>>> print(open('work-v1.cif').read())   # mmCIF, C-alpha atoms
data_run
loop_
_atom_site.label_atom_id
_atom_site.label_comp_id
_atom_site.auth_asym_id
_atom_site.auth_seq_id
_atom_site.Cartn_x
_atom_site.Cartn_y
_atom_site.Cartn_z
CA MET A 116 111.50 -172.51 -1.93
CA LYS A 117 114.15 -175.18 -2.23
CA LYS A 118 113.76 -178.25 -0.07
CA ILE A 119 116.43 -178.82 2.51
CA PHE A 120 117.30 -182.40 3.27
CA LEU A 121 119.94 -181.93 5.90
CA PHE A 122 120.00 -184.08 8.96
CA VAL A 123 117.51 -181.35 9.94
CA ALA A 124 115.09 -181.44 12.84
CA CYS A 125 112.40 -179.75 14.81
CA ALA A 126 111.90 -179.34 18.47
CA SER A 127 109.19 -178.01 20.65
CA LEU A 128 111.49 -176.77 23.35
CA MET A 129 108.86 -177.77 25.86
CA VAL A 130 110.27 -177.75 29.34
CA MET A 131 109.10 -180.46 31.59
CA GLY A 132 109.34 -178.34 34.69
CA ALA A 133 110.51 -181.40 36.56
CA GLN A 134 110.35 -181.37 40.30
CA ALA A 135 113.44 -183.56 40.55
CA GLN A 136 116.35 -181.76 42.13
CA THR A 137 119.19 -184.28 42.25
CA ALA A 138 121.51 -185.14 39.41
CA GLU A 139 120.34 -188.75 39.56
CA GLU A 140 116.66 -187.87 39.29
CA LEU A 141 117.23 -185.43 36.45
CA PHE A 142 119.49 -187.90 34.67
CA LYS A 143 116.93 -190.69 34.85
CA ALA A 144 114.11 -188.40 33.73
CA GLY A 145 116.15 -187.00 30.85
CA LYS A 146 117.26 -190.45 29.73
CA ALA A 147 113.63 -191.58 29.79
CA GLU A 148 112.70 -188.71 27.49
CA PHE A 149 115.49 -189.62 25.06
CA ASP A 150 114.46 -193.28 25.22
CA LYS A 151 110.92 -192.24 24.35
CA TYR A 152 112.20 -190.18 21.44
CA ASP A 153 114.35 -193.05 20.18
CA LYS A 154 111.39 -195.43 20.35
CA LEU A 155 109.08 -193.02 18.49
CA PHE A 156 111.74 -192.35 15.87
CA ALA A 157 112.31 -196.07 15.31
CA GLU A 158 108.55 -196.59 14.90
CA TYR A 159 108.32 -193.67 12.48
CA THR A 160 111.30 -194.90 10.45
CA LEU A 161 109.77 -198.36 10.16
CA ALA A 162 106.35 -197.03 9.19
CA HIS A 163 107.81 -194.48 6.79
CA GLY A 164 109.82 -197.16 5.03
CA GLN A 165 106.68 -199.21 4.49
CA ASN A 166 104.55 -196.22 3.49
CA PRO A 167 106.68 -193.24 2.32
CA ASP A 168 103.61 -191.05 1.74
CA ALA A 169 102.22 -191.49 5.25
CA PRO A 170 102.02 -188.25 7.27
CA ASP A 171 104.50 -187.82 10.09
CA ALA A 172 101.95 -187.87 12.88
CA THR A 173 104.39 -188.12 15.79
CA VAL A 174 106.81 -185.32 14.92
CA GLY A 175 105.41 -183.00 17.59
CA GLU A 176 105.58 -185.70 20.24
CA ARG A 177 109.12 -186.65 19.22
CA ALA A 178 110.15 -183.02 19.37
CA ALA A 179 108.69 -182.58 22.85
CA SER A 180 110.51 -185.63 24.19
CA LEU A 181 113.77 -184.60 22.57
CA MET A 182 113.69 -181.06 23.93
CA ASN A 183 112.59 -182.23 27.37
CA GLY A 184 115.52 -184.62 27.40
CA PHE A 185 117.96 -181.84 26.53
CA ASP A 186 116.48 -179.58 29.19
CA LEU A 187 116.61 -182.17 31.96
CA LEU A 188 120.09 -183.48 31.18
CA GLN A 189 121.56 -180.00 30.85
CA LYS A 190 120.15 -179.24 34.31
CA ALA A 191 121.58 -182.48 35.66
CA LEU A 192 125.11 -181.87 34.42
CA PRO A 193 126.15 -179.09 36.85
CA LEU A 194 124.47 -180.90 39.75
CA ASP A 195 126.63 -183.95 39.06
CA THR A 196 129.79 -181.99 39.83
CA ILE A 197 130.53 -182.75 43.48
CA ILE A 198 133.41 -180.86 45.09
CA GLU A 199 135.75 -182.94 47.28
CA TYR A 200 136.55 -181.45 50.69
CA ASN A 201 139.32 -181.92 53.28
CA LYS A 202 138.49 -182.83 56.87
CA ASP A 203 138.75 -179.17 57.83
CA GLY A 204 136.03 -178.30 55.34
CA SER A 205 138.28 -176.67 52.76
CA PRO A 206 138.07 -177.91 49.12
CA LYS A 207 140.74 -180.27 47.92
CA ILE A 208 142.91 -178.66 45.27
CA ASP A 209 144.11 -180.45 42.16
CA LYS A 210 147.87 -179.86 41.98
CA LYS A 211 147.86 -179.95 38.16
CA THR A 212 145.06 -177.50 37.53
CA GLY A 213 145.10 -175.51 40.75
CA LYS A 214 141.32 -175.85 40.87
CA PRO A 215 139.13 -177.69 43.39
CA LYS A 216 138.92 -181.43 42.87
CA PHE A 217 135.53 -182.87 41.99
CA LYS A 218 133.99 -186.20 41.15
CA THR A 219 131.07 -187.12 38.92
CA LYS A 220 128.76 -190.11 38.61
CA TYR A 221 126.56 -189.43 35.61
CA SER A 222 128.38 -186.75 33.64
CA LYS A 223 130.02 -189.10 31.15
CA ASP A 224 126.69 -190.70 30.29
CA ILE A 225 124.92 -187.31 30.20
CA VAL A 226 127.41 -185.83 27.74
CA ALA A 227 127.22 -188.96 25.58
CA LEU A 228 123.41 -188.75 25.45
CA LEU A 229 123.37 -185.05 24.67
CA SER A 230 126.06 -185.27 22.00
CA GLY A 231 124.45 -188.30 20.45
CA HIS A 232 121.14 -186.49 19.95
CA ILE A 233 122.34 -183.16 18.52
CA ASN A 234 121.67 -184.21 14.94
CA ASP A 235 118.26 -185.49 15.99
CA VAL A 236 117.30 -181.89 16.69
CA LEU A 237 117.89 -181.18 13.03
CA ASN A 238 116.06 -184.32 11.93
CA VAL A 239 112.95 -183.31 13.85
CA GLY A 240 113.14 -179.75 12.57
CA ASN A 241 113.24 -180.95 9.00
CA ALA A 242 110.28 -183.24 9.62
CA GLY A 243 108.31 -180.35 11.06
CA LEU A 244 109.25 -178.13 8.14
CA MET A 245 108.28 -180.65 5.48
CA GLY A 246 104.97 -181.27 7.25
CA SER A 247 104.26 -177.53 7.62
CA ASP A 248 104.38 -177.91 11.40
CA PHE A 249 106.16 -174.60 11.71
CA ALA A 250 105.83 -174.35 15.49
CA THR A 251 107.88 -177.52 15.75
CA SER A 252 110.43 -176.62 13.07
CA TYR A 253 110.96 -173.14 14.52
CA LYS A 254 111.65 -174.42 18.01
CA ALA A 255 114.01 -177.08 16.70
CA PHE A 256 116.06 -174.88 14.42
CA LYS A 257 116.20 -172.13 17.04
CA PHE A 258 117.31 -174.63 19.66
CA PHE A 259 119.99 -175.99 17.34
CA SER A 260 121.25 -172.47 16.60
CA GLN A 261 121.53 -171.85 20.33
CA LEU A 262 123.54 -175.05 20.75
CA ILE A 263 126.19 -173.82 18.32
CA GLY A 264 129.04 -172.34 20.31
CA SER A 265 127.86 -173.86 23.57
CA PRO A 266 130.13 -176.20 25.56
CA LEU A 267 128.04 -179.09 24.27
CA THR A 268 129.11 -178.50 20.67
CA GLU A 269 132.68 -177.47 21.48
CA GLY A 270 135.00 -179.18 19.05
CA VAL A 271 132.14 -180.35 16.81
CA GLN A 272 132.64 -179.17 13.23
CA PHE A 273 129.63 -177.90 11.29
CA GLU A 274 129.79 -176.59 7.75
CA GLN A 275 129.06 -172.87 7.53
CA ALA A 276 126.56 -173.55 4.76
CA THR A 277 124.65 -175.93 7.02
CA LEU A 278 124.51 -173.38 9.84
CA ALA A 279 123.33 -170.75 7.37
CA ASP A 280 120.60 -173.09 6.11
CA VAL A 281 119.46 -173.79 9.65
CA ALA A 282 119.29 -170.06 10.44
CA PHE A 283 117.26 -169.39 7.29
CA TYR A 284 114.73 -172.13 8.01
CA GLU A 285 114.51 -170.99 11.60
CA GLY A 286 113.54 -167.59 10.24
CA TYR A 287 111.22 -169.05 7.61
CA SER A 288 109.38 -171.09 10.24
CA ALA A 289 109.03 -168.07 12.52
CA TYR A 290 107.79 -166.01 9.57
CA GLN A 291 105.01 -168.51 8.90
CA LEU A 292 104.01 -168.16 12.55
CA LYS A 293 104.01 -164.35 12.18
CA ASP A 294 106.74 -164.10 14.81
CA TYR A 295 108.38 -161.32 12.83
CA ASN A 296 110.87 -160.36 15.52
CA GLY A 297 112.18 -163.91 15.83
CA ALA A 298 112.22 -164.28 12.05
CA PHE A 299 114.06 -160.99 11.56
CA ASN A 300 116.85 -162.03 13.93
CA ALA A 301 117.14 -165.46 12.33
CA PHE A 302 117.30 -164.03 8.80
CA LYS A 303 119.98 -161.59 9.93
CA ASN A 304 121.93 -164.52 11.33
CA ALA A 305 121.57 -166.44 8.08
CA ILE A 306 122.77 -163.49 6.01
CA SER A 307 125.75 -162.99 8.33
CA LYS A 308 126.69 -166.60 7.60
CA GLY A 309 126.64 -165.98 3.86
CA TYR A 310 123.12 -167.17 3.02
CA THR A 311 121.82 -165.62 -0.22
CA GLU A 312 119.08 -167.96 -1.44
CA ASN A 313 115.28 -168.00 -1.20
CA GLN A 314 114.93 -164.20 -1.23
CA VAL A 315 116.31 -164.04 2.30
CA VAL A 316 116.85 -160.26 2.12
CA ASP A 317 113.25 -159.73 1.05
CA PHE A 318 112.07 -161.93 3.92
CA LYS A 319 114.18 -159.93 6.39
CA ASN A 320 112.85 -156.62 5.06
CA SER A 321 109.28 -157.89 5.15
CA CYS A 322 109.76 -158.82 8.81
CA LEU A 323 111.00 -155.34 9.61
CA ALA A 324 108.11 -153.74 7.74
CA ASN A 325 105.61 -155.85 9.67
CA ILE A 326 107.27 -155.03 12.99
CA ILE A 327 107.26 -151.30 12.28
CA GLN A 328 103.70 -151.38 10.96
CA GLY A 329 102.61 -153.15 14.14
CA PHE A 330 104.06 -150.37 16.29
CA CYS A 331 102.46 -147.69 14.09
CA ASP A 332 99.07 -149.43 14.17
CA THR A 333 99.05 -148.99 17.95
CA LYS A 334 100.57 -145.50 17.65
CA ASP A 335 103.61 -146.68 19.59
CA TYR A 336 105.92 -144.43 17.60
CA ASP A 337 108.63 -144.36 20.25
CA SER A 338 109.09 -148.12 19.96
CA ALA A 339 108.93 -147.93 16.18
CA ASN A 340 111.61 -145.25 16.09
CA ALA A 341 113.80 -147.11 18.57
CA TYR A 342 113.56 -150.32 16.55
CA ILE A 343 114.29 -148.67 13.22
CA ASP A 344 117.12 -146.55 14.67
CA LYS A 345 118.82 -149.70 15.92
CA ALA A 346 118.41 -151.31 12.51
CA ILE A 347 119.95 -148.25 10.84
CA ALA A 348 122.87 -148.32 13.27
CA ASP A 349 123.49 -151.94 12.28
CA ASP A 350 123.11 -151.25 8.56
CA PRO A 351 123.63 -147.53 7.76
CA GLY A 352 123.88 -148.20 4.04
CA SER A 353 120.31 -149.42 3.65
CA ALA A 354 118.03 -147.05 1.76
CA LEU A 355 115.05 -149.15 2.80
CA LEU A 356 115.73 -148.46 6.46
CA TYR A 357 115.84 -144.70 5.93
CA ASP A 358 112.63 -144.94 3.93
CA MET A 359 111.02 -146.85 6.79
CA LYS A 360 112.28 -144.24 9.22
CA GLY A 361 110.61 -141.63 7.06
CA PHE A 362 107.39 -143.62 7.12
CA VAL A 363 107.39 -143.72 10.94
CA VAL A 364 108.12 -140.00 11.20
CA GLU A 365 105.44 -139.28 8.63
CA GLN A 366 102.87 -141.21 10.64
CA LYS A 367 103.74 -139.32 13.80
CA ASP A 368 104.64 -135.80 12.67
CA GLY A 369 103.42 -135.47 9.10
CA LEU A 370 104.88 -135.77 5.62
CA LEU A 371 107.13 -132.71 5.72
CA ALA A 372 108.95 -133.96 8.82
CA ALA A 373 109.92 -137.12 6.93
CA GLU A 374 111.63 -135.28 4.06
CA GLN A 375 115.19 -135.64 5.39
CA TYR A 376 114.85 -139.43 5.70
CA TYR A 377 113.37 -139.92 2.24
CA GLU A 378 116.13 -137.73 0.84
CA LYS A 379 118.73 -139.78 2.72
CA ALA A 380 117.28 -142.92 1.15
CA THR A 381 117.93 -141.53 -2.33
CA GLU A 382 121.47 -140.55 -1.33
CA VAL A 383 122.55 -143.94 0.01
CA ASP A 384 121.04 -145.91 -2.90
CA ALA A 385 120.32 -144.32 -6.27
CA THR A 386 118.57 -147.51 -7.40
CA PHE A 387 115.94 -147.63 -4.65
CA PRO A 388 112.63 -146.51 -6.23
CA ASN A 389 110.65 -145.96 -3.02
CA GLY A 390 113.07 -143.29 -1.84
CA PHE A 391 112.54 -141.20 -4.99
CA PHE A 392 108.79 -141.78 -4.93
CA ASP A 393 108.43 -140.76 -1.28
CA LEU A 394 110.67 -137.72 -1.67
CA GLY A 395 108.57 -136.76 -4.68
CA ARG A 396 105.46 -136.98 -2.52
CA VAL A 397 106.97 -134.51 -0.05
CA ILE A 398 107.73 -131.94 -2.76
CA TYR A 399 104.36 -132.45 -4.43
CA ASP A 400 102.60 -132.00 -1.09
CA LYS A 401 104.34 -128.65 -0.60
CA ALA A 402 102.79 -127.46 -3.85
CA GLU A 403 99.37 -128.76 -2.88
CA LYS A 404 99.49 -126.90 0.41
CA ILE A 405 100.26 -123.65 -1.41
CA ILE A 406 97.15 -124.16 -3.55
CA GLU A 407 95.02 -124.96 -0.48
CA GLU A 408 96.27 -121.92 1.41
CA ASN A 409 95.61 -119.57 -1.53
CA PRO A 410 92.17 -120.55 -2.84
CA LYS A 411 91.59 -117.20 -4.57
CA ALA A 412 94.99 -116.88 -6.24
CA THR A 413 95.20 -116.96 -10.01
CA ASN A 414 97.44 -119.28 -12.00
CA ALA A 415 99.69 -116.33 -12.75
CA GLU A 416 100.05 -115.59 -9.04
CA LEU A 417 100.68 -119.24 -8.15
CA LYS A 418 103.10 -119.95 -10.99
CA PRO A 419 106.31 -118.61 -9.34
CA LYS A 420 105.68 -120.75 -6.28
CA LEU A 421 104.38 -123.92 -7.89
CA VAL A 422 106.52 -124.38 -10.98
CA PRO A 423 109.85 -124.79 -9.09
CA LEU A 424 108.25 -127.40 -6.84
CA TYR A 425 106.68 -129.33 -9.71
CA ASN A 426 109.94 -129.20 -11.62
CA LYS A 427 111.71 -130.66 -8.60
CA ALA A 428 109.12 -133.36 -7.96
CA LEU A 429 108.68 -134.47 -11.59
CA PRO A 430 112.16 -136.02 -12.10
CA LEU A 431 111.83 -137.80 -8.76
CA PHE A 432 108.67 -139.57 -9.87
CA LYS A 433 110.19 -140.29 -13.27
CA LYS A 434 113.23 -141.83 -11.58
CA ALA A 435 111.00 -143.97 -9.38
CA ASN A 436 109.04 -145.04 -12.45
CA GLU A 437 112.25 -145.81 -14.35
CA LEU A 438 113.59 -147.95 -11.50
CA ASP A 439 110.29 -149.76 -11.07
CA PRO A 440 108.60 -150.07 -14.47
CA ALA A 441 105.63 -151.85 -12.91
CA SER A 442 104.75 -148.56 -11.24
CA GLU A 443 103.75 -147.22 -14.66
CA LYS A 444 100.31 -148.61 -13.94
CA THR A 445 100.27 -147.30 -10.39
CA GLN A 446 101.11 -144.21 -8.40
CA SER A 447 104.33 -142.90 -9.97
CA LYS A 448 102.74 -142.69 -13.41
CA ARG A 449 99.66 -140.92 -12.04
CA PHE A 450 101.81 -138.30 -10.29
CA ILE A 451 103.81 -137.74 -13.47
CA GLU A 452 100.66 -137.23 -15.53
CA ASP A 453 99.16 -134.90 -12.92
CA ILE A 454 102.29 -132.74 -12.65
CA GLU A 455 102.70 -132.50 -16.43
CA TYR A 456 99.06 -131.44 -16.72
CA LYS A 457 99.46 -128.75 -14.04
CA LEU A 458 102.70 -127.44 -15.56
CA ASP A 459 100.90 -127.12 -18.86
CA LEU A 460 98.14 -125.09 -17.17
CA LEU A 461 100.73 -122.80 -15.57
CA LYS A 462 102.50 -121.94 -18.84
#
>>> encode(input="work-v1.cif", output="structure tokens")
Amino acid sequence: MKKIFLFVACASLMVMGAQAQTAEELFKAGKAEFDKYDKLFAEYTLAHGQNPDAPDATVGERAASLMNGFDLLQKALPLDTIIEYNKDGSPKIDKKTGKPKFKTKYSKDIVALLSGHINDVLNVGNAGLMGSDFATSYKAFKFFSQLIGSPLTEGVQFEQATLADVAFYEGYSAYQLKDYNGAFNAFKNAISKGYTENQVVDFKNSCLANIIQGFCDTKDYDSANAYIDKAIADDPGSALLYDMKGFVVEQKDGLLAAEQYYEKATEVDATFPNGFFDLGRVIYDKAEKIIEENPKATNAELKPKLVPLYNKALPLFKKANELDPASEKTQSKRFIEDIEYKLDLLK
């Protein structure tokens, strides 16, 4: 895992749930939170300079103040827009814009405070990440990702690589917290922004596998199917997704019902070993069922039914073994040896 030393930060997205209702009250409360953050950050910077190896003990507190400040000031901003009215009660119209006239008292200061602390969100996230405080880093990176494209960041230029990094570490933090759904979405976002490092695709696939397994563990196959079907719709060229679909169907309706999905996995990606292995299992299972259903049949009687199936399954396992040499010590190799032994008996 490479270390990321952006201006990166964490945030605990804690909402203060303030009872204040007016723009003035929200503004003062939000400013107080930012002042608290600034004070804590100054103290940390001073202490860190004197003792670089000291743990960052206040990162969670800084994050809470920072996120509370954002929450309060963003609530204050629309309340500070006061429409001007004529004596007859109708709104005054701005001749230039054609829209109602309004006046503000705190908006300029609110926008300045919010804009001035955007990079602090990244700073806190990075501090949380480096201290393995993943709850903090996840909330910060997620919050920052949500800020991108909002009116608050309109006109602010961020490098695509930086946004991709933030999305990845948002996902990485969520993954450490076992929030696989949040991590999956963040990794997808990172990949869409061109991120290719730190085995991001493997992380994304691992998230999906954990999500699907969770549904299957509770026998919630409808949710599992719905989730995987959406993933396939988004990425129809993924052999892994078809293989996962087969897994879900197999859990619910049995191995034979999954055959079409395992076969599809081999069709969309001829280099995906699991697809060939799982399709091989389907064919092999067909042969085993014939043996089970005909306990008194001789080898000569079984041969016409079994040999075609074994001959179809054998190259599938060999392909899986070829694509994943490590499997030589595991299941693919054992299936190959078993089929070759049975074919020899049926000669």
>>> residues_around(input="work-v1.cif", residues="A:Arg396", least_positions_apart="4", cutoff="10 Å", atoms="only C-alpha atoms", output="VMD selection string")
chain A and resid 370 to 371 374 377 390 to 392 400 to 402 428 to 429 431 to 432 447 450
>>> closest_atom_pairs(input="work-v1.cif", of="stretch 379-418 of chain A", to="stretch 331-355 of chain A", cutoff="6 Å", atoms="only C-alpha atoms", output="Markdown table")
| residue | atom | partner | partner_atom | distance |
| --- | --- | --- | --- | --- |
| A:Ala380 | CA | A:Ala354 | CA | 4.2 |
| A:Val383 | CA | A:Ala354 | CA | 5.8 |
| A:Asp384 | CA | A:Ala354 | CA | 5.7 |
>>> closest_residue(input="work-v1.cif", among="A:Gly175, A:Pro410, A:Gly145, A:Pro388", to="A:Asn241", atoms="all atoms listed in the file")
A:Gly175
>>> closest_residue(input="work-v1.cif", among="A:Ala373, A:Ile198, A:Ala324, A:Ala276", to="A:Pro215", atoms="all atoms listed in the file")
A:Ile198
>>> closest_residue(input="work-v1.cif", among="A:Ser247, A:Val397, A:Lys146, A:Cys322", to="A:Asp186", atoms="all atoms listed in the file")
A:Lys146
>>> closest_residue(input="work-v1.cif", among="A:Leu421, A:Ala162, A:Ala242, A:Ile306", to="A:Ile406", atoms="all atoms listed in the file")
A:Leu421
>>> resolve_selection(input="work-v1.cif", expression="the PyMOL selection byres ((chain A and resi 150-160) around 8)", output="list in words")
Lys146, Ala147, Glu148, Phe149, Leu161, Ala162, His163, Gly164, Asp171, Thr173, Arg177, Ala178, Ser180 and Leu181 of chain A
>>> resolve_selection(input="work-v1.cif", expression="the PyMOL selection byres ((chain A and resi 459) around 12)", output="PDB file with C-alpha atoms, in the coordinates of the input")
ATOM      1  CA  ASN A 414      97.440-119.280 -12.000  1.00  0.00           C
ATOM      2  CA  LYS A 418     103.100-119.950 -10.990  1.00  0.00           C
ATOM      3  CA  LEU A 421     104.380-123.920  -7.890  1.00  0.00           C
ATOM      4  CA  VAL A 422     106.520-124.380 -10.980  1.00  0.00           C
ATOM      5  CA  TYR A 425     106.680-129.330  -9.710  1.00  0.00           C
ATOM      6  CA  ASN A 426     109.940-129.200 -11.620  1.00  0.00           C
ATOM      7  CA  GLU A 452     100.660-137.230 -15.530  1.00  0.00           C
ATOM      8  CA  ASP A 453      99.160-134.900 -12.920  1.00  0.00           C
ATOM      9  CA  ILE A 454     102.290-132.740 -12.650  1.00  0.00           C
ATOM     10  CA  GLU A 455     102.700-132.500 -16.430  1.00  0.00           C
ATOM     11  CA  TYR A 456      99.060-131.440 -16.720  1.00  0.00           C
ATOM     12  CA  LYS A 457      99.460-128.750 -14.040  1.00  0.00           C
ATOM     13  CA  LEU A 458     102.700-127.440 -15.560  1.00  0.00           C
ATOM     14  CA  LEU A 460      98.140-125.090 -17.170  1.00  0.00           C
ATOM     15  CA  LEU A 461     100.730-122.800 -15.570  1.00  0.00           C
ATOM     16  CA  LYS A 462     102.500-121.940 -18.840  1.00  0.00           C
TER      17      LYS A 462
END
>>> residues_around(input="work-v1.cif", residues="A:Tyr287", least_positions_apart="2", cutoff="9 Å", atoms="all atoms listed in the file", output="ChimeraX atom specification")
/A:249,253,282-285,289-292,298,301-302,315,318
>>> atom_distance(input="work-v1.cif", atom1="atom CA of A:Thr277", atom2="atom CA of A:Lys308")
9.6 Å
>>> closest_residue(input="work-v1.cif", among="A:Glu408, A:Asp294, A:Asp195, A:Asp280", to="A:Tyr310", atoms="only C-alpha atoms")
A:Asp280
>>> atom_distance(input="work-v1.cif", atom1="atom CA of A:Ile326", atom2="atom CA of A:Asn296")
6.9 Å
>>> closest_residue(input="work-v1.cif", among="A:Asp368, A:Asp209, A:Glu403, A:Asp439", to="A:Phe387", atoms="all atoms listed in the file")
A:Asp439
>>> atom_distance(input="work-v1.cif", atom1="atom CA of A:Glu382", atom2="atom CA of A:Asn436")
17.3 Å
>>> resolve_selection(input="work-v1.cif", expression="the PyMOL selection byres ((chain A and resi 256) around 7)", output="CSV table (one decimal) with C-alpha atoms, in the coordinates of the input")
chain,number,residue,atom,x,y,z
A,124,ALA,CA,115.1,-181.4,12.8
A,125,CYS,CA,112.4,-179.8,14.8
A,237,LEU,CA,117.9,-181.2,13.0
A,240,GLY,CA,113.1,-179.8,12.6
A,252,SER,CA,110.4,-176.6,13.1
A,253,TYR,CA,111.0,-173.1,14.5
A,254,LYS,CA,111.6,-174.4,18.0
A,255,ALA,CA,114.0,-177.1,16.7
A,257,LYS,CA,116.2,-172.1,17.0
A,258,PHE,CA,117.3,-174.6,19.7
A,259,PHE,CA,120.0,-176.0,17.3
A,260,SER,CA,121.2,-172.5,16.6
A,281,VAL,CA,119.5,-173.8,9.6
A,285,GLU,CA,114.5,-171.0,11.6
